[in-house]
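Read the structure below first, then the notes.
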Amino acid sequence: MESNRSLVYIALLLSVFSFGVIGYELIEDWDFLDSLYMTVITLTTTGYGEVHKLSDEGRVFTIFLMLFGIGTFAYILREFVSSQFEEIEKRRRKRMLKEIARLRGHAIICGYGRMGKVICEELSLKGFPFVVIEQKPECIEQLRQTNYLWVEGDAAEDDILIEVCVERANVLVSAIDSDADSLYVLLAARNINPDIYTVIRASSETARNRMVRMGANRVVQPLTMSGKKVAQSVINPAVEEIMEIGGLTDGTEHGVQVVDITVKSGSPLEGKALVNSGLKKGDHGFVVIGIRRGNDEFIFAPKGDEIFRVDDCVVGIVKRDDYKETLKLFEA
């Protein structure tokens, strides 16, 4: 492909020079060398002066030759720069696809609209691995300005889901503003990875019920959530003053947030009692609220002698600045 472009550029340049040489030979009756010399100094705008005195027809031809030559050079330059940008983009996409192929336990965000953008910002802030699927050109342009991993295409297509390694993903979030499209995404993802945790956006209660029946783990209605948030500000203003959608606030810009972290096999916490874990009194900036064990059991405000087990999901409050440090206690 690149060699074909080079041949086209060379052919265009030869055409311009041939046009000039033949034109001077025919109009001014010059020999080949004089015609070639005049063509070169005209196209390169060297300005050495005319080889011989030009006739009026020769001057008109020279004007057209300069315009034709400048236009051709501008076209070649534009195409060359464009091809270089394309090559850079191809290399960037190739590196990105390699990074995506290495993902494990990541989140897949379908849709980079207003809601998807906020989700990505929060996941990026917390260091949670994720990849975005988007097909709208305007959103693709916005993704190009970020450091996020992303793939262009329809999230309901099996090939696209496989490309983002849905079979190894832990979570799929559909932030698409179409209930029908979200439903297709849900079914497609479930077909490849039946165990993936799905969070689906819905625009109405009817759509929410349909998503739940089709197996969505959680369905979010942005308008309903916003309305409830405003209502809580009316009912419990004192509580809402220290609460925000991003978590709790401690009066500073850093704030704290409610999180859940899973105890992994080989973690320093495995087999250790809460009282000896460094978490009981909020060491490491983490305060334990409860422990979810299995699908049904939830231990609220666990006692100090509670033993951590593998796959325990520990719910707590942590300072945002201490979140990544706290994660090290749970990891193997």
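If you're wondering about the labels, chains in the structure tokens are A, B, ... by order shown, residues count from 1 in each chain, ligands from 1 in order shown.
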From the DSSP assignment of the backbone, select every residue of segment 66-246 of chain A that is alpha helix (DSSP H), and format the answer as number ranges by chain. A: 66-101, 114-126, 137-144, 158-163, 179-192, 205-213, 222-235, 237-241
Please produce an output containing C-alpha atoms for each residue in the selection, written as a short mmCIF file (atom, residue, chain, number, x, y, z; two decimals), in the first residue's frame.
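Once written, part-v3.cif looks like this:
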data_model
loop_
_atom_site.label_atom_id
_atom_site.label_comp_id
_atom_site.auth_asym_id
_atom_site.auth_seq_id
_atom_site.Cartn_x
_atom_site.Cartn_y
_atom_site.Cartn_z
CA MET A 66 3.52 27.53 -11.15
CA LEU A 67 -0.08 27.16 -10.04
CA PHE A 68 -0.24 23.58 -11.28
CA GLY A 69 3.08 22.74 -9.62
CA ILE A 70 2.22 24.36 -6.28
CA GLY A 71 -1.14 22.58 -6.24
CA THR A 72 0.50 19.24 -7.00
CA PHE A 73 3.18 19.69 -4.33
CA ALA A 74 0.54 20.71 -1.78
CA TYR A 75 -1.53 17.62 -2.61
CA ILE A 76 1.48 15.31 -2.30
CA LEU A 77 2.49 16.92 1.01
CA ARG A 78 -1.03 16.61 2.39
CA GLU A 79 -1.28 12.96 1.35
CA PHE A 80 2.14 12.18 2.76
CA VAL A 81 1.36 13.76 6.15
CA SER A 82 -2.02 12.01 6.19
CA SER A 83 -0.41 8.64 5.46
CA GLN A 84 2.08 9.20 8.29
CA PHE A 85 -0.73 9.98 10.72
CA GLU A 86 -2.54 6.85 9.56
CA GLU A 87 0.57 4.79 10.15
CA ILE A 88 1.00 6.26 13.64
CA GLU A 89 -2.65 5.52 14.39
CA LYS A 90 -2.27 1.93 13.16
CA ARG A 91 0.74 1.39 15.41
CA ARG A 92 -1.13 2.94 18.34
CA ARG A 93 -4.14 0.69 17.73
CA LYS A 94 -1.88 -2.36 17.46
CA ARG A 95 -0.27 -1.57 20.83
CA MET A 96 -3.69 -0.94 22.36
CA LEU A 97 -5.06 -4.26 21.12
CA LYS A 98 -2.07 -6.03 22.66
CA GLU A 99 -2.81 -4.35 25.99
CA ILE A 100 -6.49 -5.32 25.73
CA ALA A 101 -5.50 -8.94 24.99
CA ARG A 114 -22.21 11.49 29.29
CA MET A 115 -22.77 8.59 31.67
CA GLY A 116 -20.02 6.43 30.19
CA LYS A 117 -17.52 9.27 30.43
CA VAL A 118 -18.14 9.70 34.17
CA ILE A 119 -17.83 5.94 34.73
CA CYS A 120 -14.50 5.86 32.90
CA GLU A 121 -13.17 8.81 34.87
CA GLU A 122 -14.03 7.12 38.16
CA LEU A 123 -12.56 3.74 37.15
CA SER A 124 -9.40 5.43 35.89
CA LEU A 125 -9.10 7.37 39.15
CA LYS A 126 -9.36 4.12 41.15
CA PRO A 137 -17.67 9.13 15.47
CA GLU A 138 -17.91 12.12 17.83
CA CYS A 139 -17.31 9.89 20.86
CA ILE A 140 -14.44 8.12 19.11
CA GLU A 141 -12.74 11.49 18.63
CA GLN A 142 -13.08 12.16 22.35
CA LEU A 143 -11.63 8.74 23.20
CA ARG A 144 -8.59 9.48 21.01
CA ASP A 158 -19.87 -11.11 19.20
CA ASP A 159 -16.63 -10.27 17.37
CA ILE A 160 -16.32 -6.94 19.18
CA LEU A 161 -17.05 -8.50 22.57
CA ILE A 162 -14.46 -11.20 21.94
CA GLU A 163 -11.97 -8.50 20.91
CA ASP A 179 -32.94 0.27 25.89
CA ALA A 180 -33.17 -2.03 22.85
CA ASP A 181 -29.43 -1.79 22.18
CA SER A 182 -28.64 -2.37 25.85
CA LEU A 183 -30.78 -5.49 25.82
CA TYR A 184 -28.91 -6.85 22.79
CA VAL A 185 -25.60 -6.12 24.50
CA LEU A 186 -26.76 -7.93 27.64
CA LEU A 187 -27.83 -11.03 25.71
CA ALA A 188 -24.67 -11.10 23.59
CA ALA A 189 -22.38 -10.79 26.63
CA ARG A 190 -24.30 -13.43 28.58
CA ASN A 191 -24.06 -15.80 25.62
CA ILE A 192 -20.25 -15.66 25.70
CA GLU A 205 -39.42 0.98 34.90
CA THR A 206 -40.76 -1.19 32.09
CA ALA A 207 -37.31 -1.42 30.54
CA ARG A 208 -35.81 -2.11 33.95
CA ASN A 209 -38.13 -5.06 34.57
CA ARG A 210 -37.34 -6.44 31.14
CA MET A 211 -33.59 -6.20 31.78
CA VAL A 212 -33.94 -7.97 35.12
CA ARG A 213 -35.94 -10.78 33.52
CA PRO A 222 -30.28 7.74 35.95
CA LEU A 223 -33.39 9.94 36.11
CA THR A 224 -34.84 7.98 39.04
CA MET A 225 -31.52 8.05 40.88
CA SER A 226 -31.20 11.81 40.39
CA GLY A 227 -34.74 12.35 41.62
CA LYS A 228 -34.14 10.29 44.75
CA LYS A 229 -30.92 12.20 45.38
CA VAL A 230 -32.79 15.51 45.29
CA ALA A 231 -35.53 14.09 47.53
CA GLN A 232 -32.93 13.00 50.09
CA SER A 233 -31.52 16.53 50.05
CA VAL A 234 -34.96 17.75 51.05
CA ILE A 235 -35.67 15.06 53.65
CA PRO A 237 -30.25 17.89 54.37
CA ALA A 238 -27.66 17.33 57.11
CA VAL A 239 -26.81 13.87 55.78
CA GLU A 240 -26.73 15.06 52.19
CA GLU A 241 -24.27 17.79 53.09
#
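Between Phe330 of chain A and the residues A:Pro194, A:Gly105, A:Gly23, A:Pro268, the shortest atom-to-atom distance, using only C-alpha atoms, involves A:Pro268.
For the set A:Ile108, A:Ile299, A:Leu269, A:Val275, the residue with the smallest atom-to-atom gap to Ile200 of chain A is A:Ile108, counting only C-alpha atoms.
When only C-alpha atoms are used to compute distances to Ala273 of chain A, the closest of the residues A:Phe298, A:Tyr148, A:Phe308, A:Tyr197 turns out to be A:Phe308.
The gap separating atom CA of Gly266 of chain A from atom CA of Leu279 of chain A is 17.7 Å, in Å to one decimal.
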From the set A:Leu14, A:Val173, A:Val8, A:Ile317, which residue has the shortest atom-to-atom contact distance to Ile289 of chain A, counting only C-alpha atoms? A:Ile317
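The list of residues with at least one atom within 12 Å of Glu306 of chain A, based on only C-alpha atoms and without residues fewer than 4 positions apart in the same chain, reads Leu269, Glu270, Gly271, Lys272, Ala273, Leu274, Val275, Asn276, Ser277, Leu279, Lys280, Val288, Gly290, Ile291, Arg293, Ile299, Phe300, Ala301, Pro302, Asp312 and Val314 of chain A.
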Could those residues be written to a file, using C-alpha atoms, as a JSON list (two decimals), in the first residue's frame?
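And here's result_39.json as it stands now:
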[["chain", "number", "residue", "atom", "x", "y", "z"],
["A", 269, "LEU", "CA", -5.64, -10.97, 55.36],
["A", 270, "GLU", "CA", -6.47, -14.62, 54.60],
["A", 271, "GLY", "CA", -7.05, -16.51, 57.86],
["A", 272, "LYS", "CA", -6.41, -13.40, 59.96],
["A", 273, "ALA", "CA", -8.85, -11.98, 62.52],
["A", 274, "LEU", "CA", -10.21, -8.49, 61.98],
["A", 275, "VAL", "CA", -8.68, -7.27, 65.25],
["A", 276, "ASN", "CA", -5.20, -8.26, 64.02],
["A", 277, "SER", "CA", -5.64, -7.07, 60.46],
["A", 279, "LEU", "CA", -8.45, -2.54, 59.76],
["A", 280, "LYS", "CA", -10.38, -2.68, 63.02],
["A", 288, "VAL", "CA", -14.93, -1.94, 57.92],
["A", 290, "GLY", "CA", -19.46, -5.35, 56.92],
["A", 291, "ILE", "CA", -18.43, -8.58, 55.18],
["A", 293, "ARG", "CA", -19.78, -14.01, 52.51],
["A", 299, "ILE", "CA", -22.07, -9.70, 58.48],
["A", 300, "PHE", "CA", -22.77, -6.13, 59.53],
["A", 301, "ALA", "CA", -20.25, -4.41, 61.86],
["A", 302, "PRO", "CA", -18.20, -7.62, 62.33],
["A", 312, "ASP", "CA", -14.91, -12.52, 51.40],
["A", 314, "VAL", "CA", -15.25, -6.56, 52.64]]
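You will find atom CA of Asn147 of chain A at 13.6 Å from atom CA of Tyr112 of chain A.
Atom CA of Ser18 of chain A is found 13.5 Å from atom CA of Phe61 of chain A.
Using only C-alpha atoms, the smallest distance between any of A:Glu297, A:Glu57, A:Glu152, A:Glu28 and Gly111 of chain A comes from A:Glu152.
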Excluding Cys110 of chain A and residues on its chain fewer than 3 positions from it, collect all residues at most 7 Å away from it, counting only C-alpha atoms, and give them as a ChimeraX atom specification. /A:132-134,155,173-176
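Scanning segment 64-165 of chain A with DSSP on the backbone, the strand (DSSP E) assignments fall on Ala107, Ile108, Ile109, Cys110, Phe130, Val131, Val132, Ile133, Glu134, Leu149, Trp150, Val151 and Glu152 of chain A.
Across A:Thr39, A:Asn193, A:Thr46, A:Gln221, the tightest approach to Ser15 of chain A is made by A:Thr39 when counting only C-alpha atoms.
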